[in-house]
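Undergrad: Next comes protein-v4.txt, compact mmCIF, C-alpha atoms:
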# COMPACT_ATOMS: atom_id res chain seq x y z
CA MET D 1 63.27 110.90 105.16
CA ARG D 2 64.42 114.50 105.20
CA LYS D 3 67.62 113.34 103.56
CA PHE D 4 65.54 111.85 100.79
CA TYR D 5 63.71 115.14 100.13
CA LEU D 6 66.98 117.00 100.18
CA MET D 7 68.38 114.62 97.61
CA LEU D 8 65.27 114.93 95.50
CA ALA D 9 65.55 118.72 95.63
CA PHE D 10 69.16 118.53 94.52
CA LEU D 11 68.22 116.16 91.78
CA VAL D 12 65.46 118.46 90.48
CA LEU D 13 67.79 121.44 90.71
CA GLY D 14 70.47 119.50 88.89
CA VAL D 15 68.14 118.57 86.06
CA TYR D 16 66.91 122.15 85.86
CA LEU D 17 70.43 123.60 85.72
CA GLY D 18 71.38 120.91 83.26
CA SER D 19 68.60 121.91 80.92
CA CYS D 20 69.61 125.57 81.20
CA GLU D 21 73.16 124.59 80.36
CA SER D 22 72.13 122.64 77.28
CA SER D 23 69.85 125.37 75.99
CA LYS D 24 72.78 127.77 76.19
CA LYS D 25 74.93 125.37 74.19
CA GLU D 26 75.23 125.84 70.46
CA LYS D 27 73.08 123.73 68.25
CA PHE D 28 74.87 121.55 65.73
CA ASN D 29 73.59 119.47 62.83
CA GLY D 30 75.80 116.57 63.84
CA THR D 31 75.23 114.68 67.09
CA LEU D 32 77.23 116.26 69.91
CA LEU D 33 79.67 113.90 71.64
CA GLU D 34 82.54 115.91 73.09
CA GLN D 35 85.03 113.29 74.26
CA PRO D 36 88.75 112.87 73.69
CA ALA D 37 89.43 111.36 70.26
CA TYR D 38 91.79 108.40 70.02
CA ASP D 39 95.12 109.53 68.58
CA PHE D 40 95.83 106.95 65.89
CA GLU D 41 98.99 106.52 63.88
CA LEU D 42 98.50 105.15 60.37
CA LYS D 43 100.16 105.45 56.98
CA THR D 44 99.48 107.44 53.83
CA ALA D 45 101.15 107.41 50.38
CA GLY D 46 104.90 106.89 50.45
CA ASP D 47 104.45 105.01 53.74
CA ARG D 48 104.44 108.35 55.53
CA LYS D 49 103.22 108.11 59.11
CA VAL D 50 100.23 110.24 60.00
CA LYS D 51 98.90 110.86 63.50
CA LEU D 52 95.62 112.52 64.35
CA SER D 53 97.52 114.87 66.66
CA ASP D 54 99.47 116.18 63.63
CA PHE D 55 96.33 118.18 62.90
CA ARG D 56 95.86 119.89 66.27
CA GLY D 57 94.51 123.37 65.58
CA LYS D 58 92.47 122.13 62.62
CA LEU D 59 89.05 120.54 62.37
CA VAL D 60 89.38 116.95 61.16
CA PHE D 61 86.66 114.95 59.42
CA ILE D 62 87.19 111.17 59.56
CA PHE D 63 85.38 108.64 57.40
CA PHE D 64 85.91 104.87 57.52
CA GLY D 65 85.46 103.34 54.07
CA TYR D 66 87.10 101.20 51.41
CA THR D 67 87.97 101.74 47.78
CA HIS D 68 86.06 98.71 46.46
CA CYS D 69 82.84 100.23 47.78
CA PRO D 70 80.96 101.70 44.83
CA ASP D 71 77.99 103.30 46.52
CA VAL D 72 78.10 104.59 50.09
CA CYS D 73 81.81 105.51 50.31
CA PRO D 74 82.08 107.64 47.18
CA ALA D 75 78.82 109.35 48.14
CA ALA D 76 80.17 110.25 51.59
CA LEU D 77 83.48 111.52 50.20
CA GLN D 78 81.64 113.43 47.52
CA ASN D 79 79.55 115.15 50.19
CA LEU D 80 82.70 116.02 52.11
CA ALA D 81 84.21 117.48 48.93
CA LYS D 82 81.08 119.55 48.37
CA MET D 83 81.21 120.66 52.00
CA MET D 84 84.75 121.96 51.40
CA ASN D 85 83.44 123.77 48.36
CA GLN D 86 81.04 125.72 50.55
CA LEU D 87 83.86 127.08 52.71
CA ASP D 88 86.04 130.04 51.80
CA LYS D 89 89.78 129.57 51.29
CA GLU D 90 90.70 130.57 54.82
CA GLU D 91 88.18 128.15 56.29
CA GLN D 92 89.29 125.35 53.97
CA GLU D 93 92.84 125.65 55.26
CA GLN D 94 91.59 124.89 58.76
CA VAL D 95 89.83 121.68 57.78
CA GLN D 96 91.38 118.27 57.03
CA VAL D 97 89.37 115.36 55.65
CA ILE D 98 90.73 111.85 56.27
CA MET D 99 89.48 108.54 54.91
CA ILE D 100 90.63 105.49 56.86
CA SER D 101 90.39 102.22 54.94
CA VAL D 102 88.64 99.31 56.64
CA ASP D 103 89.99 97.03 53.91
CA PRO D 104 93.76 97.05 54.58
CA GLU D 105 94.10 93.79 52.65
CA ARG D 106 93.32 95.49 49.34
CA ASP D 107 93.87 99.15 50.17
CA THR D 108 97.53 99.98 50.62
CA PRO D 109 98.28 103.45 52.02
CA GLU D 110 99.06 104.42 48.41
CA VAL D 111 95.70 103.26 47.04
CA ALA D 112 93.73 104.74 49.93
CA ASP D 113 95.40 108.12 49.46
CA LYS D 114 94.97 108.20 45.68
CA TYR D 115 91.31 107.33 46.16
CA ALA D 116 90.74 110.11 48.68
CA LYS D 117 92.63 112.68 46.61
CA PHE D 118 90.36 112.08 43.64
CA PHE D 119 87.57 113.82 45.54
CA ASN D 120 89.72 116.71 46.72
CA PRO D 121 93.50 117.01 46.32
CA ASN D 122 93.82 117.96 49.98
CA PHE D 123 92.04 114.89 51.32
CA LEU D 124 94.15 112.24 52.96
CA GLY D 125 93.71 108.48 52.62
CA LEU D 126 95.13 106.25 55.35
CA SER D 127 95.62 102.55 55.81
CA GLY D 128 97.64 100.29 58.06
CA SER D 129 98.02 96.73 59.25
CA GLU D 130 94.99 94.62 60.06
CA GLU D 131 95.69 95.08 63.80
CA GLU D 132 96.13 98.83 63.54
CA ILE D 133 92.88 99.26 61.64
CA LYS D 134 91.10 97.00 64.11
CA LYS D 135 92.35 99.14 66.99
CA VAL D 136 91.34 102.46 65.40
CA THR D 137 87.86 101.30 64.45
CA LYS D 138 87.34 99.87 67.94
CA GLU D 139 88.32 103.16 69.56
CA TYR D 140 85.88 105.05 67.30
CA LYS D 141 83.19 102.40 67.76
CA ALA D 142 83.15 101.91 64.01
CA PHE D 143 82.53 98.34 62.93
CA TYR D 144 83.43 96.44 59.81
CA LYS D 145 83.11 92.87 58.72
CA LYS D 146 84.27 91.00 55.65
CA VAL D 147 81.45 89.25 53.80
CA GLU D 148 82.49 86.47 51.43
CA GLY D 149 80.54 84.85 48.64
CA GLN D 150 78.20 87.73 47.86
CA SER D 151 79.85 89.11 44.80
CA ALA D 152 82.21 88.14 41.99
CA SER D 153 84.20 91.22 42.96
CA GLY D 154 85.71 89.19 45.79
CA TYR D 155 84.44 90.04 49.24
CA LEU D 156 82.29 92.93 50.38
CA VAL D 157 82.79 94.84 53.59
CA ASP D 158 79.89 95.67 55.89
CA HIS D 159 80.75 98.83 57.78
CA THR D 160 79.37 101.67 59.81
CA ALA D 161 79.24 104.80 57.69
CA TYR D 162 79.44 107.65 60.17
CA ILE D 163 81.45 110.79 59.59
CA TYR D 164 83.33 111.99 62.68
CA LEU D 165 84.34 115.57 63.34
CA ILE D 166 87.33 116.20 65.60
CA ASP D 167 87.68 119.72 66.99
CA LYS D 168 90.83 121.86 67.11
CA SER D 169 91.90 120.48 70.48
CA GLY D 170 91.56 116.84 69.47
CA ASN D 171 88.13 116.11 70.90
CA LEU D 172 85.63 113.94 69.08
CA LYS D 173 83.03 116.69 68.85
CA LEU D 174 80.35 115.64 66.39
CA ILE D 175 79.19 112.53 64.61
CA TYR D 176 77.09 112.44 61.43
CA SER D 177 74.78 109.57 60.59
CA SER D 178 74.13 108.98 56.90
CA SER D 179 71.01 111.19 56.85
CA LYS D 180 73.01 114.13 58.26
CA GLN D 181 75.94 113.82 55.85
CA LYS D 182 74.80 116.75 53.74
CA PRO D 183 77.38 119.26 52.53
CA GLU D 184 75.45 122.30 53.76
CA LEU D 185 74.78 120.80 57.22
CA MET D 186 78.44 119.89 57.75
CA ALA D 187 79.67 123.25 56.38
CA GLU D 188 77.35 125.07 58.77
CA ASP D 189 78.86 123.22 61.76
CA VAL D 190 82.39 123.91 60.51
CA LYS D 191 81.69 127.65 60.30
CA LYS D 192 80.28 127.63 63.84
CA LEU D 193 83.26 125.73 65.24
CA LEU D 194 85.79 127.95 63.48
CA GLU D 195 84.15 131.04 64.97
CA ASP D 196 84.85 129.82 68.50
CA MET A 1 27.04 86.94 25.22
CA ARG A 2 29.04 84.79 27.59
CA LEU A 3 31.21 83.74 24.69
CA VAL A 4 31.94 87.35 23.82
CA LEU A 5 32.95 88.04 27.42
CA ILE A 6 35.22 85.03 27.51
CA LEU A 7 36.70 86.05 24.21
CA MET A 8 37.27 89.57 25.45
CA PHE A 9 38.94 88.21 28.57
CA VAL A 10 41.21 85.95 26.55
CA VAL A 11 42.14 88.78 24.23
CA ALA A 12 42.82 91.09 27.19
CA VAL A 13 45.10 88.53 28.84
CA ALA A 14 46.88 87.85 25.58
CA PHE A 15 47.54 91.54 24.99
CA ALA A 16 48.45 92.42 28.56
CA LYS A 17 52.13 93.11 28.63
CA PRO A 18 54.72 95.04 30.53
CA LYS A 19 56.00 98.27 29.04
CA ILE A 20 59.41 99.09 30.42
CA VAL A 21 60.68 102.65 30.43
CA VAL A 22 64.14 103.41 31.82
CA GLU A 23 64.93 106.94 32.88
CA GLU A 24 67.60 108.93 34.69
CA ALA A 25 70.34 106.41 34.03
CA TRP A 26 73.74 107.48 35.33
CA VAL A 27 77.08 105.99 36.25
CA ARG A 28 79.25 107.25 39.07
CA ALA A 29 82.68 108.52 38.08
CA VAL A 30 85.19 106.87 40.41
CA PRO A 31 88.87 107.47 41.20
CA PRO A 32 91.29 105.85 38.73
CA VAL A 33 92.55 103.49 41.48
CA SER A 34 89.05 102.10 41.91
CA THR A 35 88.22 98.96 39.95
CA MET A 36 84.49 99.35 40.30
CA SER A 37 81.67 101.75 39.93
CA ALA A 38 77.91 101.73 40.15
CA ALA A 39 75.05 102.60 37.83
CA PHE A 40 71.75 104.07 38.98
CA LEU A 41 68.46 104.41 37.16
CA GLU A 42 64.70 104.44 37.37
CA ILE A 43 62.71 101.60 35.83
CA GLU A 44 59.05 102.23 35.21
CA ASN A 45 56.60 99.58 34.08
CA LYS A 46 53.90 101.46 32.19
CA GLY A 47 52.28 98.23 31.05
CA ASP A 48 49.63 96.13 32.72
CA GLU A 49 51.69 93.05 33.45
CA ASN A 50 54.46 92.50 35.96
CA ASP A 51 58.01 92.05 34.76
CA THR A 52 61.32 91.15 36.37
CA LEU A 53 64.80 92.52 35.82
CA LEU A 54 67.02 89.46 35.51
CA LYS A 55 70.44 90.87 34.74
CA VAL A 56 72.39 93.84 33.51
CA SER A 57 75.55 94.03 31.47
CA SER A 58 77.80 96.80 30.21
CA PRO A 59 80.73 96.89 27.79
CA ILE A 60 82.81 98.85 30.33
CA ALA A 61 82.70 96.17 33.05
CA GLU A 62 83.81 92.55 33.11
CA ILE A 63 81.13 91.61 35.60
CA THR A 64 77.85 93.29 36.39
CA GLU A 65 75.70 92.52 39.41
CA ILE A 66 72.55 93.91 40.96
CA HIS A 67 73.15 94.94 44.55
CA THR A 68 71.30 96.69 47.30
CA THR A 69 72.58 98.67 50.25
CA ILE A 70 70.85 97.91 53.51
CA MET A 71 71.15 99.95 56.66
CA ASP A 72 71.05 97.53 59.58
CA GLU A 73 71.61 98.89 63.11
CA GLY A 74 74.01 101.50 61.80
CA MET A 75 75.86 99.06 59.56
CA MET A 76 75.93 99.63 55.82
CA LYS A 77 75.60 96.30 54.11
CA MET A 78 75.71 95.52 50.43
CA ARG A 79 73.92 92.41 49.30
CA ARG A 80 73.48 90.87 45.89
CA LEU A 81 69.99 90.59 44.42
CA GLU A 82 69.20 87.71 42.08
CA ASN A 83 66.53 89.72 40.30
CA VAL A 84 64.26 92.69 40.84
CA ALA A 85 60.48 92.63 40.38
CA ILE A 86 59.12 95.54 38.35
CA PRO A 87 55.34 95.41 39.03
CA ALA A 88 52.83 96.69 36.48
CA GLY A 89 52.15 100.40 36.89
CA LYS A 90 55.01 100.81 39.34
CA SER A 91 58.38 102.47 39.25
CA VAL A 92 61.49 101.01 40.87
CA ASP A 93 64.36 103.32 41.82
CA PHE A 94 68.01 102.36 41.77
CA LYS A 95 69.65 105.17 43.70
CA PRO A 96 72.60 105.88 46.01
CA GLY A 97 72.13 104.17 49.36
CA GLY A 98 69.71 101.67 47.84
CA LYS A 99 69.57 99.37 44.85
CA HIS A 100 72.38 99.81 42.37
CA ILE A 101 74.08 98.06 39.51
CA MET A 102 77.64 97.12 40.38
CA LEU A 103 80.11 97.50 37.55
CA ILE A 104 82.96 95.20 38.56
CA ASN A 105 86.49 95.07 37.11
CA LEU A 106 86.18 98.13 34.92
CA LYS A 107 87.70 97.71 31.47
CA LYS A 108 87.50 101.42 30.89
CA HIS A 109 87.28 104.24 33.39
CA PRO A 110 84.08 106.21 32.96
CA LYS A 111 84.82 109.93 32.69
CA PRO A 112 82.30 112.61 33.64
CA GLY A 113 80.03 113.51 30.73
CA GLU A 114 80.69 110.27 28.84
CA LYS A 115 77.92 107.86 27.89
CA VAL A 116 77.99 104.28 29.09
CA LYS A 117 75.87 101.58 27.53
CA LEU A 118 73.83 99.40 29.88
CA ILE A 119 71.93 96.36 28.65
CA LEU A 120 69.07 95.41 30.91
CA GLU A 121 67.49 91.99 30.51
CA PHE A 122 63.88 91.52 31.56
CA GLU A 123 61.98 88.28 31.90
CA LYS A 124 59.18 89.36 29.55
CA SER A 125 60.36 92.52 27.83
CA GLY A 126 63.70 91.05 26.81
CA LYS A 127 66.71 93.28 26.34
CA VAL A 128 66.45 97.02 26.86
CA GLU A 129 69.46 99.16 26.01
CA VAL A 130 70.12 102.38 27.89
CA GLU A 131 72.71 105.12 27.57
CA ALA A 132 73.80 106.23 31.03
CA THR A 133 75.60 109.52 31.59
CA VAL A 134 78.71 109.50 33.75
CA ARG A 135 78.31 111.92 36.62
CA GLY A 136 81.38 113.42 38.17
CA MET A 137 81.93 114.16 41.77
CA GLY A 138 83.98 116.31 44.04
CA MET A 139 84.60 119.98 43.89
CA MET A 140 86.91 120.16 40.92
CA GLU A 141 84.51 119.32 38.14
CA GLU A 142 81.70 121.29 39.64
CA HIS A 143 83.98 124.25 39.82
CA HIS A 144 84.61 123.82 36.13
CA LYS A 145 80.94 123.62 35.32
CA SER A 146 80.09 126.82 37.13
CA HIS A 147 82.67 128.69 35.07
CA HIS A 148 81.37 127.57 31.70
As structure tokens, how would this structure be written, given the file I've shared?
TA:
Amino acid sequence: MRKFYLMLAFLVLGVYLGSCESSKKEKFNGTLLEQPAYDFELKTAGDRKVKLSDFRGKLVFIFFGYTHCPDVCPAALQNLAKMMNQLDKEEQEQVQVIMISVDPERDTPEVADKYAKFFNPNFLGLSGSEEEIKKVTKEYKAFYKKVEGQSASGYLVDHTAYIYLIDKSGNLKLIYSSSKQKPELMAEDVKKLLED
Amino acid sequence: MRLVLILMFVVAVAFAKPKIVVEEAWVRAVPPVSTMSAAFLEIENKGDENDTLLKVSSPIAEITEIHTTIMDEGMMKMRRLENVAIPAGKSVDFKPGGKHIMLINLKKHPKPGEKVKLILEFEKSGKVEVEATVRGMGMMEEHHKSHH
């Protein structure tokens, strides 16, 4: 029985210390995750290979989308472009925005990159084989599904529309749900992370 | 007296009609590699009878469809709508993340600032033509604007 009380005391202490710890932590607009980010290797224009680890030392925003998506994807990329606009030149150089296509059938690395660059010339659009894209999305717990017969445009793609923020050391730091994908909220987090 | 009332009722029903007003129409500028875009607007029915939006067309797109974006357990889903009810006295918003008009297989790429014609077809009000403004995106154009 004494053992039980001892354990309970430890538990209470643990929770107490835990709460102290979290109150000391910085507050972010995105949801804090802090876990190693999967180091993918995909392709951009000119079939150039791009790895996430190529950007160590920078903050990397990742968005999974597709170029035939007329509503949610351009809105997200537009918000990321506006976010960049709210940073000064020095800060901008430390941030890379990447769009990964979840529609490799129609989006070649070329198309994906041209699409991304329309929003900001420094954005990067990536694509890859069906298997590669499947692997990346699985690692990031992003989902996508082809939906046939809905539109004369061919098929539509259901997909999760989170924006991921990878920190300078390659950790998946923050995740933004659609309601948090506001330029000023993301820019605020970037400034905080660059200060560290 | 009863006859007058009946007559008044008949006249009222006969004259009840929807009055469609379309406002804030805009089209999203999209990258040149994109074959589609979307139009957004606000449809208000200022009349006293319900109406229904049946279809939309535009000279810049081969195909035009009414779609809606649904958020379902974190998944963004686009689904086609056959028609959209515009109830009397109500306003229906077509906005990003919700209902939108899909412009499929663009014949011409809408450039920021340009006007795009949209033809809306209602069940009772018939055709309503709207000029939608193309809204740009990204930092480049906005940078431009702030300098002018």
Undergrad: For each of A:Leu3, A:Lys19, A:Glu123, A:Ser37, take the minimum atom-to-atom distance to Glu62 of chain A, counting all atoms listed in the file, then give the residue where this is smallest.
TA: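 So, comparing all the options, the nearest one is A:Ser37.
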Undergrad: For chain D, report every residue with an atom at most 7 Å from chain A (counting only C-alpha atoms), formatted as an MDAnalysis selection string.
TA: chainID D and resid 67:68 70:72 78 81:82 85 111 114:115 118:120 150:151 153 158:161
Undergrad: Set the distance at 10 Å and use all atoms listed in the file: which residues neighbour segment 37-43 of chain D once local chain neighbours fewer than 3 positions away are removed? I'd like the list as a PyMOL selection string.
TA: chain D and resi 34+46-54+100+108-110+112-113+124-129+132-133+135-140+164-167+169-173
Undergrad: Could you give me, as a list in words, the residues within 7 Å of Tyr66 of chain D, counting only C-alpha atoms and dropping anything in the same chain fewer than 6 positions from it?
TA: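 Residues meeting the cut-off are Cys73, Ser101, Val102 and Asp103 of chain D.
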Undergrad: Between atom CA of Val84 of chain A and atom CA of Leu54 of chain A, what is the distance, to one decimal in Å?
TA: 6.8 Å
